[in-house]
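Raw contents of final-v2.txt, compact mmCIF, C-alpha atoms:
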```
# COMPACT_ATOMS: atom_id res chain seq x y z
CA MET A 1 24.63 15.02 -7.06
CA GLN A 2 20.82 14.97 -6.77
CA PRO A 3 18.78 13.26 -9.50
CA ALA A 4 17.01 15.62 -11.87
CA ALA A 5 13.50 16.54 -10.76
CA VAL A 6 10.69 15.19 -12.86
CA GLN A 7 7.21 16.58 -13.25
CA PHE A 8 4.49 14.06 -12.53
CA ILE A 9 0.88 14.03 -11.45
CA ILE A 10 -0.79 11.65 -9.05
CA ARG A 11 -4.42 10.75 -9.57
CA GLU A 12 -6.85 7.98 -8.80
CA GLU A 13 -6.77 4.95 -11.05
CA GLN A 14 -9.18 4.76 -13.98
CA ALA A 15 -10.32 1.58 -15.72
CA ALA A 16 -8.22 2.51 -18.78
CA ASP A 17 -5.06 2.41 -16.60
CA ARG A 18 -5.25 -1.28 -15.75
CA GLU A 19 -2.84 -2.66 -18.35
CA ALA A 20 -0.39 0.18 -17.65
CA ILE A 21 -0.59 -0.65 -13.92
CA ARG A 22 0.20 -4.30 -14.65
CA GLN A 23 3.19 -3.15 -16.73
CA VAL A 24 4.49 -0.90 -13.91
CA HIS A 25 4.44 -3.84 -11.49
CA ARG A 26 5.90 -6.24 -14.09
CA LEU A 27 8.86 -3.93 -14.70
CA ALA A 28 9.40 -3.01 -11.05
CA PHE A 29 9.18 -6.56 -9.67
CA LYS A 30 10.23 -8.56 -12.76
CA THR A 31 7.17 -10.79 -12.30
CA ASP A 32 3.43 -10.66 -12.93
CA ASP A 33 2.61 -11.53 -9.30
CA GLU A 34 1.93 -8.01 -8.01
CA GLY A 35 -0.14 -7.04 -11.05
CA ALA A 36 -2.20 -10.20 -10.56
CA LEU A 37 -2.58 -9.31 -6.86
CA VAL A 38 -4.00 -5.91 -7.84
CA ASP A 39 -6.47 -7.60 -10.21
CA ARG A 40 -7.58 -10.09 -7.52
CA LEU A 41 -8.03 -7.35 -4.90
CA ARG A 42 -10.16 -5.38 -7.38
CA ALA A 43 -12.21 -8.48 -8.30
CA ASP A 44 -12.83 -9.22 -4.61
CA GLY A 45 -14.06 -5.65 -3.97
CA LEU A 46 -11.34 -4.94 -1.39
CA VAL A 47 -9.76 -1.81 -2.90
CA ILE A 48 -10.05 1.39 -0.87
CA VAL A 49 -7.56 3.58 -2.77
CA SER A 50 -5.71 2.96 -6.03
CA MET A 51 -3.58 5.77 -7.44
CA VAL A 52 -1.18 6.21 -10.32
CA ALA A 53 1.72 8.54 -11.00
CA GLU A 54 1.73 9.83 -14.54
CA ILE A 55 4.31 11.63 -16.65
CA ALA A 56 3.26 13.06 -20.01
CA GLY A 57 0.23 10.77 -20.11
CA ASN A 58 2.19 7.62 -19.24
CA VAL A 59 1.63 5.70 -16.00
CA VAL A 60 4.99 5.30 -14.26
CA GLY A 61 3.92 4.37 -10.73
CA HIS A 62 1.06 2.79 -8.81
CA ILE A 63 -0.09 2.29 -5.23
CA LEU A 64 -2.98 0.31 -3.82
CA PHE A 65 -4.64 0.18 -0.40
CA SER A 66 -7.13 -2.60 0.38
CA ARG A 67 -9.30 -3.82 3.24
CA LEU A 68 -7.43 -5.87 5.85
CA PRO A 69 -9.46 -6.27 9.05
CA ILE A 70 -7.97 -7.21 12.40
CA GLU A 71 -9.73 -10.05 14.24
CA THR A 72 -10.03 -9.32 17.96
CA GLN A 73 -11.88 -11.04 20.80
CA SER A 74 -14.56 -8.35 20.64
CA GLY A 75 -14.97 -8.42 16.85
CA MET A 76 -13.38 -7.04 13.72
CA VAL A 77 -11.42 -3.80 13.66
CA GLU A 78 -11.22 -2.13 10.27
CA ALA A 79 -7.73 -1.64 8.87
CA ILE A 80 -6.20 -1.53 5.42
CA ALA A 81 -3.06 -2.85 3.76
CA LEU A 82 -0.67 -0.73 1.73
CA SER A 83 0.29 -3.23 -0.97
CA PRO A 84 1.60 -3.10 -3.55
CA VAL A 85 3.45 0.06 -4.51
CA ALA A 86 5.72 0.23 -7.55
CA VAL A 87 7.53 2.65 -9.83
CA LYS A 88 9.00 1.80 -13.21
CA PRO A 89 12.76 1.28 -12.75
CA SER A 90 13.71 4.17 -15.05
CA PHE A 91 11.70 6.54 -12.81
CA GLN A 92 12.82 5.27 -9.41
CA LEU A 93 14.73 7.50 -6.99
CA LYS A 94 12.80 10.57 -8.18
CA SER A 95 10.40 10.80 -5.17
CA ILE A 96 7.53 9.24 -7.13
CA GLY A 97 7.11 6.29 -4.75
CA SER A 98 7.28 8.53 -1.68
CA SER A 99 4.77 10.91 -3.23
CA LEU A 100 2.40 8.03 -4.02
CA ILE A 101 2.61 6.83 -0.41
CA ARG A 102 2.05 10.30 1.07
CA ARG A 103 -0.86 11.13 -1.26
CA GLY A 104 -2.36 7.66 -0.78
CA LEU A 105 -2.21 7.96 3.01
CA ALA A 106 -3.80 11.43 2.81
CA LEU A 107 -6.66 10.06 0.69
CA CYS A 108 -7.09 7.13 3.11
CA ARG A 109 -7.31 9.63 5.97
CA ASP A 110 -9.95 11.58 4.02
CA ARG A 111 -11.90 8.32 3.61
CA ALA A 112 -11.95 7.79 7.38
CA VAL A 113 -9.35 5.02 7.44
CA ARG A 114 -7.89 4.72 10.93
CA ILE A 115 -5.19 2.01 10.66
CA VAL A 116 -2.81 1.10 7.82
CA LEU A 117 -0.60 -2.01 7.80
CA VAL A 118 2.37 -2.70 5.57
CA VAL A 119 4.92 -5.43 5.05
CA GLY A 120 8.03 -3.70 3.83
CA HIS A 121 11.58 -2.60 4.37
CA PRO A 122 12.08 -1.51 7.99
CA ASP A 123 14.44 1.28 6.90
CA TYR A 124 12.01 2.74 4.33
CA TYR A 125 8.48 2.82 5.74
CA PRO A 126 9.20 4.48 9.12
CA ARG A 127 9.76 7.79 7.26
CA PHE A 128 5.98 7.76 6.65
CA GLY A 129 5.16 6.97 10.29
CA PHE A 130 4.95 3.17 10.09
CA SER A 131 6.52 1.16 12.90
CA ALA A 132 6.91 -2.46 13.92
CA GLU A 133 6.32 -1.33 17.50
CA ALA A 134 2.82 -0.12 16.57
CA ALA A 135 2.09 -3.59 15.13
CA LYS A 136 3.54 -5.60 18.02
CA ARG A 137 0.13 -6.67 19.42
CA LEU A 138 -1.03 -7.89 16.01
CA LYS A 139 -0.31 -11.43 14.91
CA SER A 140 0.26 -12.08 11.24
CA SER A 141 2.03 -14.55 9.01
CA PHE A 142 4.35 -11.59 8.37
CA SER A 143 4.98 -10.65 12.03
CA GLY A 144 8.44 -9.29 12.67
CA PRO A 145 10.41 -6.13 11.83
CA MET A 146 8.93 -5.91 8.31
CA PHE A 147 5.32 -5.95 9.57
CA MET A 148 4.44 -2.36 10.49
CA ALA A 149 1.41 -0.28 11.38
CA LEU A 150 0.46 3.36 11.14
CA GLU A 151 -2.36 5.09 13.01
CA LEU A 152 -4.02 7.68 10.77
CA VAL A 153 -6.12 8.58 13.81
CA PRO A 154 -4.05 8.91 16.99
CA GLY A 155 -4.88 6.12 19.44
CA ALA A 156 -6.60 3.94 16.81
CA LEU A 157 -4.53 0.93 17.92
CA ASP A 158 -4.89 1.58 21.66
CA GLY A 159 -5.94 -1.66 23.31
CA ILE A 160 -6.15 -3.54 20.01
CA VAL A 161 -4.83 -7.10 20.26
CA GLY A 162 -5.64 -9.41 17.40
CA THR A 163 -4.82 -11.38 14.32
CA VAL A 164 -4.43 -10.07 10.80
CA ARG A 165 -5.39 -12.65 8.20
CA TYR A 166 -4.59 -11.54 4.70
CA PRO A 167 -7.43 -12.25 2.24
CA THR A 168 -7.06 -15.03 -0.32
CA ALA A 169 -6.20 -12.42 -2.95
CA PHE A 170 -2.73 -12.33 -1.36
CA ASP A 171 -2.24 -16.05 -1.92
CA THR A 172 -0.02 -16.75 -4.91
CA GLN A 173 -1.91 -18.42 -7.69
```
Please express the file's structure as structure tokens.
Amino acid sequence: MQPAAVQFIIREEQAADREAIRQVHRLAFKTDDEGALVDRLRADGLVIVSMVAEIAGNVVGHILFSRLPIETQSGMVEAIALSPVAVKPSFQLKSIGSSLIRRGLALCRDRAVRIVLVVGHPDYYPRFGFSAEAAKRLKSSFSGPMFMALELVPGALDGIVGTVRYPTAFDTQ
């Protein structure tokens, strides 16, 4: 039996959403770490896209994309990280997370983003086009099957060999 469909809207984050966003991450991850990460990424000016899913005026999901350049021998290549994404547990398995990812990627594409990186479940993120194979020439502290890349512009990773160093905002405090 399929879960009942829910009506939700996805929109860009507003300043008034910040506590609700922290609460979404707190409930989804059972810790304040991801909410604090979002705050640090905002404070460091690294946010490219931040969107919420809302039902009847209540924020039930959130996704954030932030700057994450790739260091190469010939200089920096612009890329972004998809992290974090969360949906309140009582609203999971209703396509809200998938919708946030798809809408977020579309907005990134509209903002001329070429490369998106994610550390996540290797059975989940490939449905959006991410692959560990695409990230194989990128070194990271997260290298392996959970470290994946997506080209929003075909060929954006052609010939790119480098190192991804996550900003200090990703360090646990």
**Report entry** Interatomic distance, CA of Pro122 (chain A) to CA of Arg102 (chain A) (Å, one decimal)
**Finding:** 17.0 Å
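Comparing the minimum interatomic distances between Leu41 (chain A) and each of A:Leu82, A:Val6, A:Val118, A:Met148, counting all atoms listed in the file, we find that A:Leu82 sits nearest.
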For Arg18 (chain A), please output as an mmCIF file with C-alpha atoms, keeping the file's coordinate frame all residues within 12 Å (counting all atoms listed in the file; exclusion window: fewer than 3 positions along the same chain).
```cif
data_model
loop_
_atom_site.group_PDB
_atom_site.id
_atom_site.type_symbol
_atom_site.label_atom_id
_atom_site.label_comp_id
_atom_site.auth_asym_id
_atom_site.auth_seq_id
_atom_site.Cartn_x
_atom_site.Cartn_y
_atom_site.Cartn_z
ATOM 1 C CA GLU A 12 -6.850 7.980 -8.800
ATOM 2 C CA GLU A 13 -6.770 4.950 -11.050
ATOM 3 C CA GLN A 14 -9.180 4.760 -13.980
ATOM 4 C CA ALA A 15 -10.320 1.580 -15.720
ATOM 5 C CA ILE A 21 -0.590 -0.650 -13.920
ATOM 6 C CA ARG A 22 0.200 -4.300 -14.650
ATOM 7 C CA GLN A 23 3.190 -3.150 -16.730
ATOM 8 C CA VAL A 24 4.490 -0.900 -13.910
ATOM 9 C CA HIS A 25 4.440 -3.840 -11.490
ATOM 10 C CA GLY A 35 -0.140 -7.040 -11.050
ATOM 11 C CA ALA A 36 -2.200 -10.200 -10.560
ATOM 12 C CA VAL A 38 -4.000 -5.910 -7.840
ATOM 13 C CA ASP A 39 -6.470 -7.600 -10.210
ATOM 14 C CA ARG A 42 -10.160 -5.380 -7.380
ATOM 15 C CA SER A 50 -5.710 2.960 -6.030
ATOM 16 C CA MET A 51 -3.580 5.770 -7.440
ATOM 17 C CA VAL A 52 -1.180 6.210 -10.320
ATOM 18 C CA VAL A 59 1.630 5.700 -16.000
ATOM 19 C CA GLY A 61 3.920 4.370 -10.730
ATOM 20 C CA HIS A 62 1.060 2.790 -8.810
#
```
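When CA of Arg103 (chain A) is paired with CA of Phe65 (chain A), their separation reads 11.6 Å.
Of the residues under consideration (A:Val60, A:Val77, A:Leu37, A:Ile48), A:Val60 shows the shortest atom-to-atom contact distance to Pro89 (chain A) when counting only C-alpha atoms.
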May I have the protein, DNA and RNA residues with an atom at most 8 Å from (-1.3, -4.3, 0.3), counting only C-alpha atoms in the file's coordinates, returned as a PDB file with C-alpha atoms, in the frame of the given file?
```pdb
ATOM      1  CA  LEU A  64      -2.980   0.310  -3.820  1.00  0.00           C
ATOM      2  CA  PHE A  65      -4.640   0.180  -0.400  1.00  0.00           C
ATOM      3  CA  SER A  66      -7.130  -2.600   0.380  1.00  0.00           C
ATOM      4  CA  ILE A  80      -6.200  -1.530   5.420  1.00  0.00           C
ATOM      5  CA  ALA A  81      -3.060  -2.850   3.760  1.00  0.00           C
ATOM      6  CA  LEU A  82      -0.670  -0.730   1.730  1.00  0.00           C
ATOM      7  CA  SER A  83       0.290  -3.230  -0.970  1.00  0.00           C
ATOM      8  CA  PRO A  84       1.600  -3.100  -3.550  1.00  0.00           C
ATOM      9  CA  LEU A 117      -0.600  -2.010   7.800  1.00  0.00           C
ATOM     10  CA  VAL A 118       2.370  -2.700   5.570  1.00  0.00           C
ATOM     11  CA  VAL A 119       4.920  -5.430   5.050  1.00  0.00           C
TER      12      VAL A 119
END
```
